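Everything below belongs to target.txt, which stores compact mmCIF, C-alpha atoms.
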```txt
# COMPACT_ATOMS: atom_id res chain seq x y z
CA MET A 835 82.47 -4.99 -40.84
CA ASN A 836 80.64 -1.83 -39.80
CA THR A 837 77.50 -3.88 -39.37
CA TRP A 838 79.28 -6.31 -37.05
CA ILE A 839 80.61 -3.40 -34.98
CA ALA A 840 77.07 -2.05 -34.64
CA ILE A 841 75.77 -5.50 -33.67
CA GLY A 842 78.52 -6.01 -31.11
CA VAL A 843 78.11 -2.61 -29.48
CA THR A 844 74.32 -2.96 -29.38
CA ALA A 845 74.48 -6.48 -27.94
CA LEU A 846 76.94 -5.48 -25.21
CA GLY A 847 75.06 -2.29 -24.37
CA CYS A 848 71.64 -3.90 -24.25
CA TYR A 849 72.86 -6.82 -22.16
CA ALA A 850 74.65 -4.48 -19.77
CA VAL A 851 71.52 -2.43 -19.03
CA LYS A 852 69.45 -5.59 -18.54
CA LEU A 853 71.99 -6.96 -16.08
CA ALA A 854 72.41 -3.60 -14.36
CA GLY A 855 68.71 -3.57 -13.48
CA LEU A 856 69.02 -6.94 -11.78
CA LEU A 857 72.26 -6.07 -9.94
CA VAL A 858 72.11 -2.47 -8.77
CA PRO A 859 70.54 -1.63 -5.43
CA ALA A 860 66.99 -0.40 -5.92
CA GLY A 861 67.61 3.06 -4.48
CA VAL A 862 69.95 4.17 -7.25
CA LEU A 863 67.34 4.18 -10.01
CA GLU A 864 64.27 4.83 -7.92
CA ARG A 865 64.36 8.62 -8.10
CA PRO A 866 61.08 9.83 -9.66
CA PHE A 867 62.79 11.93 -12.34
CA VAL A 868 64.95 9.03 -13.46
CA ARG A 869 61.99 6.66 -13.54
CA ARG A 870 59.86 9.10 -15.52
CA LEU A 871 62.70 9.70 -17.95
CA ALA A 872 63.17 5.97 -18.47
CA ALA A 873 59.46 5.63 -19.21
CA LEU A 874 59.39 8.58 -21.62
CA LEU A 875 62.59 7.82 -23.57
CA PRO A 876 61.02 4.87 -25.44
CA VAL A 877 57.99 7.04 -26.24
CA ALA A 878 60.20 9.65 -27.90
CA LEU A 879 62.37 7.12 -29.70
CA LEU A 880 59.50 4.95 -30.94
CA ALA A 881 57.53 7.97 -32.16
CA ALA A 882 60.52 9.35 -34.07
CA LEU A 883 61.38 5.93 -35.50
CA THR A 884 57.80 5.27 -36.60
CA ALA A 885 57.63 8.62 -38.39
CA GLN A 886 61.04 8.28 -40.02
CA GLN A 887 60.63 4.75 -41.25
CA THR A 888 57.26 5.71 -42.72
CA PHE A 889 58.07 9.05 -44.33
CA ALA A 890 61.83 9.04 -44.94
CA ASP A 891 63.62 8.10 -48.13
CA GLY A 892 67.26 8.77 -47.42
CA HIS A 893 67.38 12.43 -46.42
CA ALA A 894 64.09 13.29 -48.15
CA LEU A 895 60.57 13.18 -46.76
CA VAL A 896 58.15 11.31 -48.98
CA LEU A 897 54.53 10.21 -48.89
CA ASP A 898 54.27 6.74 -50.38
CA ALA A 899 52.60 3.35 -49.91
CA ARG A 900 54.13 2.95 -46.43
CA ALA A 901 51.90 5.77 -45.13
CA ALA A 902 48.83 3.82 -46.21
CA GLY A 903 50.26 0.73 -44.53
CA LEU A 904 50.88 2.58 -41.29
CA GLY A 905 47.34 3.95 -41.47
CA ALA A 906 46.07 0.39 -41.71
CA ALA A 907 48.19 -0.58 -38.70
CA ALA A 908 46.73 2.34 -36.75
CA VAL A 909 43.20 1.22 -37.59
CA ALA A 910 44.07 -2.33 -36.51
CA LEU A 911 45.42 -0.96 -33.22
CA VAL A 912 42.27 1.05 -32.59
CA LEU A 913 40.28 -2.14 -33.19
CA ARG A 914 42.55 -3.85 -30.60
CA ALA A 915 43.86 -6.37 -33.09
CA PRO A 916 46.65 -8.69 -31.95
CA PHE A 917 50.26 -7.66 -32.54
CA LEU A 918 50.87 -9.90 -35.55
CA LEU A 919 47.65 -8.74 -37.24
CA VAL A 920 48.70 -5.10 -36.82
CA VAL A 921 52.00 -5.80 -38.58
CA ALA A 922 50.30 -7.93 -41.23
CA ALA A 923 47.78 -5.17 -41.98
CA ALA A 924 50.61 -2.70 -42.60
CA VAL A 925 52.48 -5.11 -44.85
CA VAL A 926 49.45 -6.18 -46.91
CA VAL A 927 48.12 -2.66 -47.44
CA THR A 928 51.58 -1.33 -48.38
CA ALA A 929 52.05 -4.14 -50.88
CA GLY A 930 48.52 -3.60 -52.21
CA VAL A 931 48.97 0.13 -52.74
CA ARG A 932 52.30 -0.52 -54.48
CA ALA A 933 50.75 -3.15 -56.72
CA ILE A 934 48.09 -0.65 -57.80
CA GLY A 935 50.89 1.79 -58.52
CA GLY A 936 50.81 4.07 -55.49
CA MET B 306 48.28 -26.36 -8.54
CA ALA B 307 49.85 -23.66 -6.45
CA ALA B 308 52.23 -25.02 -3.87
CA ASP B 309 51.19 -22.64 -1.13
CA GLY B 310 47.47 -22.94 -1.80
CA THR B 311 46.96 -19.17 -1.94
CA GLY B 312 48.27 -18.17 -5.38
CA LYS B 313 46.95 -18.90 -8.77
CA PRO B 314 47.38 -22.42 -10.18
CA ASP B 315 50.71 -23.09 -11.87
CA ALA B 316 48.90 -24.24 -15.01
CA ALA B 317 47.15 -20.87 -15.30
CA VAL B 318 50.47 -19.05 -15.00
CA VAL B 319 52.03 -21.27 -17.65
CA ARG B 320 49.04 -20.66 -19.94
CA ASP B 321 49.31 -16.86 -19.62
CA ALA B 322 53.06 -16.99 -20.12
CA LEU B 323 52.85 -19.22 -23.19
CA GLY B 324 50.13 -17.01 -24.67
CA VAL B 325 52.44 -14.01 -24.60
CA GLY B 326 55.59 -15.98 -25.46
CA VAL B 327 54.10 -17.66 -28.51
CA ALA B 328 52.25 -14.63 -29.90
CA VAL B 329 55.22 -12.28 -29.62
CA GLY B 330 57.73 -15.00 -30.43
CA LEU B 331 56.11 -15.51 -33.80
CA SER B 332 56.68 -11.88 -34.72
CA GLY B 333 60.38 -12.69 -35.00
CA VAL B 334 59.40 -13.45 -38.61
CA ALA B 335 58.81 -9.74 -39.15
CA PHE B 336 62.24 -8.97 -37.73
CA GLY B 337 64.00 -11.64 -39.79
CA VAL B 338 62.38 -10.37 -42.98
CA THR B 339 63.03 -6.71 -42.17
CA SER B 340 66.63 -7.34 -41.20
CA ALA B 341 67.37 -9.34 -44.33
CA GLY B 342 65.56 -6.72 -46.41
CA SER B 343 67.78 -4.06 -44.81
CA GLY B 344 70.83 -5.81 -46.21
CA LEU B 345 72.04 -7.74 -43.16
CA GLY B 346 73.34 -11.26 -43.70
CA LEU B 347 71.71 -14.37 -42.25
CA LEU B 348 74.37 -14.68 -39.55
CA GLN B 349 74.08 -11.00 -38.62
CA THR B 350 70.31 -11.18 -38.41
CA CYS B 351 70.39 -14.27 -36.20
CA ALA B 352 73.17 -12.80 -34.04
CA LEU B 353 70.95 -9.81 -33.30
CA SER B 354 68.05 -11.94 -32.11
CA LEU B 355 70.32 -14.24 -30.09
CA LEU B 356 72.50 -11.57 -28.49
CA VAL B 357 70.43 -8.38 -28.37
CA PHE B 358 67.01 -9.98 -27.83
CA THR B 359 64.96 -6.86 -27.34
CA GLY B 360 62.77 -6.30 -30.36
CA ALA B 361 62.49 -2.53 -30.59
CA SER B 362 66.28 -2.12 -30.39
CA GLN B 363 66.77 -4.75 -33.07
CA PHE B 364 64.33 -3.08 -35.47
CA ALA B 365 65.86 0.32 -34.73
CA LEU B 366 69.38 -0.91 -35.42
CA VAL B 367 68.64 -2.54 -38.78
CA GLY B 368 66.54 0.48 -39.80
CA ALA B 369 69.36 2.87 -38.98
CA LEU B 370 71.93 0.72 -40.76
CA ALA B 371 69.69 0.44 -43.83
CA ALA B 372 69.37 4.23 -43.89
CA GLY B 373 73.15 4.45 -44.09
CA GLY B 374 73.75 5.46 -40.50
CA ASN B 375 77.15 5.35 -38.85
CA PRO B 376 77.39 2.06 -36.87
CA LEU B 377 77.92 3.78 -33.53
CA THR B 378 75.06 6.23 -34.11
CA ALA B 379 72.83 3.32 -35.06
CA ALA B 380 73.91 1.38 -31.97
CA ALA B 381 73.28 4.42 -29.76
CA GLY B 382 69.65 4.64 -30.87
CA ALA B 383 69.17 0.92 -30.25
CA PHE B 384 70.89 1.20 -26.87
CA PHE B 385 68.70 4.06 -25.64
CA LEU B 386 65.62 2.05 -26.56
CA GLY B 387 67.00 -0.79 -24.45
CA VAL B 388 67.59 1.35 -21.36
CA ARG B 389 64.01 0.76 -20.19
CA ASN B 390 64.97 -2.86 -19.56
CA ALA B 391 67.16 -1.74 -16.65
CA PHE B 392 64.06 -0.42 -14.91
CA TYR B 393 62.20 -3.64 -15.59
CA GLY B 394 65.13 -5.50 -14.06
CA LEU B 395 64.85 -3.43 -10.90
CA ARG B 396 61.25 -4.48 -10.35
CA LEU B 397 61.93 -8.06 -11.37
CA SER B 398 64.88 -8.52 -9.04
CA GLN B 399 62.65 -7.64 -6.10
CA LEU B 400 59.85 -9.94 -7.26
CA LEU B 401 61.95 -12.92 -8.32
CA ALA B 402 64.63 -12.68 -5.62
CA LEU B 403 67.10 -14.51 -7.83
CA PRO B 404 70.40 -15.80 -6.42
CA ARG B 405 73.27 -13.61 -7.63
CA ALA B 406 74.79 -16.45 -9.63
CA VAL B 407 71.59 -16.85 -11.68
CA ARG B 408 71.18 -13.16 -12.51
CA PRO B 409 73.64 -12.98 -15.43
CA PHE B 410 71.67 -15.75 -17.14
CA ALA B 411 68.23 -14.36 -16.33
CA ALA B 412 69.28 -10.88 -17.52
CA GLN B 413 68.97 -11.68 -21.21
CA TRP B 414 65.24 -12.35 -20.72
CA VAL B 415 64.51 -9.03 -19.00
CA ILE B 416 62.28 -7.43 -21.65
CA ASP B 417 58.78 -5.91 -22.07
CA GLU B 418 56.87 -9.16 -22.31
CA THR B 419 58.52 -11.12 -19.48
CA THR B 420 58.12 -8.09 -17.22
CA ALA B 421 54.43 -7.71 -18.08
CA VAL B 422 53.75 -11.36 -17.28
CA THR B 423 55.89 -11.45 -14.13
CA LEU B 424 54.48 -8.28 -12.59
CA ALA B 425 50.96 -9.61 -13.10
CA GLN B 426 51.56 -12.65 -10.88
CA PRO B 427 50.28 -12.74 -7.31
CA THR B 428 53.05 -14.80 -5.66
CA ARG B 429 56.81 -15.25 -5.95
CA ARG B 430 56.36 -18.81 -7.14
CA ALA B 431 53.94 -17.68 -9.87
CA ALA B 432 56.26 -14.80 -10.78
CA ARG B 433 59.20 -17.16 -11.19
CA ILE B 434 57.19 -19.57 -13.32
CA GLY B 435 55.77 -16.71 -15.38
CA PHE B 436 59.20 -15.19 -16.00
CA THR B 437 60.84 -18.51 -16.89
CA VAL B 438 58.11 -19.80 -19.19
CA THR B 439 57.66 -16.47 -20.99
CA GLY B 440 61.41 -15.99 -21.31
CA LEU B 441 62.11 -19.49 -22.57
CA SER B 442 59.21 -19.74 -25.03
CA LEU B 443 59.81 -16.25 -26.36
CA TYR B 444 63.58 -16.68 -26.69
CA LEU B 445 63.28 -19.99 -28.55
CA LEU B 446 60.47 -18.88 -30.86
CA TRP B 447 61.85 -15.40 -31.53
CA ASN B 448 65.16 -16.86 -32.66
CA LEU B 449 63.58 -19.65 -34.68
CA THR B 450 61.18 -17.29 -36.48
CA THR B 451 63.98 -14.76 -37.04
CA LEU B 452 65.88 -17.47 -38.90
CA LEU B 453 62.80 -18.46 -40.91
CA GLY B 454 61.99 -14.84 -41.71
CA ALA B 455 65.55 -14.14 -42.89
CA LEU B 456 65.56 -17.29 -45.04
CA GLY B 457 62.13 -16.42 -46.40
CA ALA B 458 63.20 -12.90 -47.29
CA LYS B 459 66.08 -14.29 -49.34
CA ALA B 460 63.64 -16.58 -51.15
CA ILE B 461 61.15 -13.87 -52.10
CA GLY B 462 63.73 -11.38 -53.35
CA ASP B 463 62.62 -7.73 -53.37
CA SER B 464 61.02 -7.41 -49.94
CA ASP B 465 59.80 -3.87 -50.64
CA ALA B 466 57.49 -5.16 -53.36
CA TRP B 467 55.81 -7.25 -50.68
CA GLY B 468 55.34 -4.25 -48.43
CA LEU B 469 57.72 -5.66 -45.85
CA ASP B 470 59.42 -2.31 -45.32
CA ALA B 471 56.20 -1.30 -43.53
CA ALA B 472 56.68 -4.03 -40.89
CA GLY B 473 59.26 -2.05 -38.91
CA PRO B 474 57.21 1.13 -38.44
CA ALA B 475 54.10 -0.96 -37.72
CA VAL B 476 55.99 -2.77 -34.93
CA PHE B 477 57.10 0.57 -33.48
CA LEU B 478 53.57 1.92 -33.64
CA ALA B 479 52.17 -1.18 -31.93
CA LEU B 480 54.74 -0.81 -29.13
CA LEU B 481 54.14 2.93 -28.86
CA ALA B 482 50.32 3.03 -28.87
CA PRO B 483 49.75 1.56 -25.39
CA MET B 484 52.36 3.94 -23.94
CA LEU B 485 50.38 7.04 -24.97
CA LYS B 486 48.29 7.11 -21.82
CA THR B 487 48.43 10.76 -20.78
CA SER B 488 49.02 14.13 -22.40
CA THR B 489 52.66 13.99 -21.26
CA GLU B 490 53.36 10.94 -23.40
CA ARG B 491 51.47 12.44 -26.35
CA VAL B 492 53.39 15.72 -26.15
CA VAL B 493 56.70 13.82 -26.00
CA ALA B 494 55.67 11.70 -29.01
CA GLY B 495 54.53 14.74 -31.02
CA LEU B 496 57.70 16.68 -30.28
CA ALA B 497 59.86 13.66 -31.10
CA ILE B 498 58.11 13.23 -34.48
CA LEU B 499 58.65 16.91 -35.32
CA LEU B 500 62.35 16.69 -34.37
CA GLY B 501 62.86 13.34 -36.08
CA LEU B 502 61.30 14.42 -39.38
CA GLY B 503 62.36 18.05 -39.28
CA LEU B 504 66.04 17.29 -38.76
CA LEU B 505 66.13 14.39 -41.21
CA PRO B 506 67.15 16.48 -44.24
CA VAL B 507 69.96 18.28 -42.41
CA LEU B 508 71.64 15.81 -40.04
CA PRO B 509 73.52 12.56 -40.78
CA ALA B 510 71.42 9.36 -40.79
CA GLY B 511 70.60 8.09 -37.31
CA VAL B 512 71.34 11.37 -35.56
CA PRO B 513 67.83 12.89 -35.85
CA VAL B 514 66.41 10.00 -33.79
CA LEU B 515 68.93 10.65 -31.02
CA VAL B 516 68.03 14.35 -31.02
CA ALA B 517 64.34 13.41 -30.97
CA ALA B 518 65.00 11.42 -27.79
CA LEU B 519 65.72 14.75 -26.10
CA ALA B 520 61.97 15.41 -26.30
CA ALA B 521 61.65 13.20 -23.19
CA PRO B 522 63.88 15.21 -20.80
CA ALA B 523 62.68 18.48 -22.40
CA VAL B 524 59.03 17.76 -21.68
CA LEU B 525 59.82 16.43 -18.19
CA PHE B 526 61.80 19.58 -17.45
CA ALA B 527 59.00 21.84 -18.75
CA GLU B 528 56.49 19.88 -16.72
CA GLY B 529 58.61 20.26 -13.60
CA ARG B 530 58.80 24.01 -14.09
CA ARG B 531 55.04 24.25 -14.48
CA GLY B 532 54.71 22.70 -11.05
CA GLY B 533 54.36 19.16 -12.30
CA ARG B 534 50.76 18.70 -11.27
CA THR B 535 49.67 17.20 -14.56
CA ARG B 536 50.39 13.66 -13.44
CA GLN B 537 48.11 13.85 -10.46
CA ASP B 538 45.25 12.03 -12.13
CA ALA B 539 47.34 9.86 -14.36
CA PRO B 540 47.83 6.17 -13.87
CA ASP B 541 51.48 5.29 -13.75
CA GLY B 542 52.71 3.91 -17.00
CA SER B 543 56.39 3.65 -16.33
CA ASP B 544 56.52 0.03 -15.32
CA ALA B 545 53.60 -1.28 -17.29
CA PRO B 546 54.98 -2.63 -20.52
CA ASN B 547 52.31 -3.72 -22.88
CA VAL B 548 52.34 -5.26 -26.28
CA SER B 549 49.25 -4.32 -28.16
CA GLY B 550 46.46 -6.79 -27.93
CA ILE B 551 48.56 -9.44 -26.25
CA SER B 552 49.11 -8.50 -22.68
CA ASP B 553 45.97 -6.41 -22.35
CA GLY B 554 44.85 -8.72 -19.59
CA LEU B 555 48.06 -8.12 -17.73
CA ASP B 556 47.54 -4.70 -16.29
CA VAL B 557 50.40 -4.04 -13.98
CA PRO B 558 49.69 -2.30 -10.72
CA ASP B 559 52.39 -0.03 -9.51
CA GLY B 560 52.07 1.68 -6.21
CA SER B 561 55.64 2.77 -5.87
CA GLU B 562 55.66 5.89 -8.03
CA GLU B 563 55.40 9.19 -6.29
CA VAL B 564 53.07 11.76 -7.75
CA ARG B 565 55.25 14.56 -8.93
```
Full structure transcribed into structure tokens:
Amino acid sequence: MNTWIAIGVTALGCYAVKLAGLLVPAGVLERPFVRRLAALLPVALLAALTAQQTFADGHALVLDARAAGLGAAAVALVLRAPFLLVVAAAVVVTAGVRAIGG
Amino acid sequence: MAADGTGKPDAAVVRDALGVGVAVGLSGVAFGVTSAGSGLGLLQTCALSLLVFTGASQFALVGALAAGGNPLTAAAGAFFLGVRNAFYGLRLSQLLALPRAVRPFAAQWVIDETTAVTLAQPTRRAARIGFTVTGLSLYLLWNLTTLLGALGAKAIGDSDAWGLDAAGPAVFLALLAPMLKTSTERVVAGLAILLGLGLLPVLPAGVPVLVAALAAPAVLFAEGRRGGRTRQDAPDGSDAPNVSGISDGLDVPDGSEEVR
């Protein structure tokens, strides 16, 4: 039930902001500070999420196979690999390190 | 052929749009697998792709739920990630000039990829074609591959053994990397990582990410106090969504931002 609540709230919220952008007069959101904040919020959230989903195990910080996988994804990104290949590199390397016993 | 004879040929627009739509649409597999691996049911996973349809928010939500986060905290993180779409919508509504009655239907497709394709088009006709073809192909494929990924995850059992728990962070990293254009973005990212990891042991699940989001206004505020001249030489990144390796050819010019 909790999951459905989260899905419902997220769906409504995300749709509302998409629609708001199409409906509100341009001037309201065009202030430089607001625009810069909107551009930087995803940077902060994505950075924190990347770090947490790589190094967190519940409330503990751990270094496990996922770190190797993320490293592989980073290398793929530096080599300008396509999106799917970046994700695949992370998955394959993580699975590989786990199989070896990492 | 372009109708007005000045823009780029319709076929070229459709080709660009399909390139992005298909490549990103296929990565719905990663979401389906991750979501199922996080303990969401098939219906819940598909509902997210159908109704939320903005990848980063979807990954964030299932990650937060899997970590045991409160549903509203989890939804808040996903929502804040989706706020950028409002700013895409602003630009798109000027470019597409959609009738008001169409906007509620077009809204669901206002995401990183459709914006990148649309903003790269030279004419309104090309922009409309680009938006529609990217939106349609991406929506159909993303939902189809979400379903396949979720079904596949059930079939293979323990998704962690297959390394699939690394798909989520890899997606986030791929979305983040092209945003790190100037020192401002890098400082925000670094501060957010410190906050997100540092607060993890002490705050309830999902809350550290929301606190980490405060890195954005904090750095902006600090920059403003320093006189805010650091952006002088920086290309504007605020309206240039990019998905690594896919829309690299779609650099989005933006002349509207004032140098702070």
Would you mind listing, for every residue of chain A within 7 Å of chain B, the two atoms forming the shortest contact and the distance between them in Å to one decimal, using only C-alpha atoms, sorted by chain and ascending residue number, as CSV?
```
residue,atom,partner,partner_atom,distance
A:Asn836,CA,B:Pro376,CA,5.9
A:Thr837,CA,B:Pro376,CA,6.4
A:Ile839,CA,B:Pro376,CA,6.6
A:Ala840,CA,B:Pro376,CA,4.7
A:Ile841,CA,B:Leu353,CA,6.5
A:Val843,CA,B:Ala380,CA,6.3
A:Thr844,CA,B:Ala380,CA,5.1
A:Ala845,CA,B:Val357,CA,4.5
A:Gly847,CA,B:Phe384,CA,6.0
A:Cys848,CA,B:Gly387,CA,5.6
A:Tyr849,CA,B:Gln413,CA,6.3
A:Val851,CA,B:Ala391,CA,5.0
A:Lys852,CA,B:Ala391,CA,4.9
A:Leu853,CA,B:Ala412,CA,5.0
A:Ala854,CA,B:Ala391,CA,6.0
A:Gly855,CA,B:Ala391,CA,4.0
A:Leu856,CA,B:Gly394,CA,4.7
A:Ala860,CA,B:Leu395,CA,6.2
A:Pro866,CA,B:Glu563,CA,6.6
A:Arg869,CA,B:Ser543,CA,6.9
A:Arg870,CA,B:Ser543,CA,6.5
A:Leu871,CA,B:Pro522,CA,6.3
A:Ala872,CA,B:Arg389,CA,5.6
A:Ala873,CA,B:Ser543,CA,4.7
A:Leu874,CA,B:Ala521,CA,5.4
A:Leu875,CA,B:Ala521,CA,5.5
A:Pro876,CA,B:Leu386,CA,5.5
A:Val877,CA,B:Ala494,CA,5.9
A:Ala878,CA,B:Ala494,CA,5.1
A:Leu879,CA,B:Ala518,CA,5.4
A:Leu880,CA,B:Phe477,CA,5.6
A:Ala881,CA,B:Ala494,CA,5.2
A:Ala882,CA,B:Ile498,CA,4.6
A:Leu883,CA,B:Val514,CA,6.7
A:Thr884,CA,B:Pro474,CA,4.6
A:Ala885,CA,B:Ile498,CA,6.1
A:Gln886,CA,B:Leu502,CA,6.2
A:Gln887,CA,B:Pro474,CA,5.7
A:Thr888,CA,B:Pro474,CA,6.3
A:Gly892,CA,B:Ala372,CA,6.1
A:His893,CA,B:Pro506,CA,4.6
A:Ala894,CA,B:Pro506,CA,5.9
A:Arg900,CA,B:Ala471,CA,5.5
A:Gly903,CA,B:Ala471,CA,6.4
A:Leu904,CA,B:Ala475,CA,6.0
A:Ala907,CA,B:Ala475,CA,6.0
A:Leu911,CA,B:Ala479,CA,6.9
A:Arg914,CA,B:Gly550,CA,5.6
A:Ala915,CA,B:Gly550,CA,5.8
A:Pro916,CA,B:Gly550,CA,4.5
A:Phe917,CA,B:Ser549,CA,5.6
A:Leu918,CA,B:Ser332,CA,6.2
A:Val920,CA,B:Ala475,CA,6.9
A:Val921,CA,B:Ala475,CA,5.3
A:Ala924,CA,B:Ala471,CA,5.8
A:Val925,CA,B:Gly468,CA,4.7
A:Val926,CA,B:Gly468,CA,6.4
A:Thr928,CA,B:Gly468,CA,4.8
A:Ala929,CA,B:Gly468,CA,4.1
```
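One distance worth recording is that between CA of Phe436 (chain B) and CA of Gly842 (chain A), which is 26.2 Å.
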Margin query: Using all atoms listed in the file, list the residues that have an atom at most 8 Å from (64.2, -16.3, -35.0), coordinates as in the file, as a ChimeraX atom specification.
Written below: /B:333-334,337,351,354,445-454
Centre, x/y/z edge lengths, axis-aligned box for region 447-455 of chain B with 6 Å per side, as AutoDock Vina command-line options:
```
--center_x 63.5 --center_y -16.9 --center_z -37.2 --size_x 16.7 --size_y 17.5 --size_z 23.4
```
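Between CA of Thr428 (chain B) and CA of Glu864 (chain A) the separation is 22.7 Å.
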Checklist line | Gap from CA of Thr439 (chain B) to CA of Leu323 (chain B) - Å, one decimal | finding: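 Answer for the CA of Thr439 (chain B) to CA of Leu323 (chain B) separation: 6.0 Å.
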Next item on the list: Have a look at B:Gly342, B:Gly532, B:Gly435, B:Gly440 and name the one nearest to Lys459 (chain B); count only C-alpha atoms.
Entry: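 Of all the options, B:Gly342 lies closest to Lys459 (chain B).
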Item checked: Which residue of B:Arg530, B:Ser340, B:Val318, B:Lys313 approaches Val422 (chain B) most closely, using only C-alpha atoms ->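 Distance minimum relative to Val422 (chain B) lands on B:Val318.
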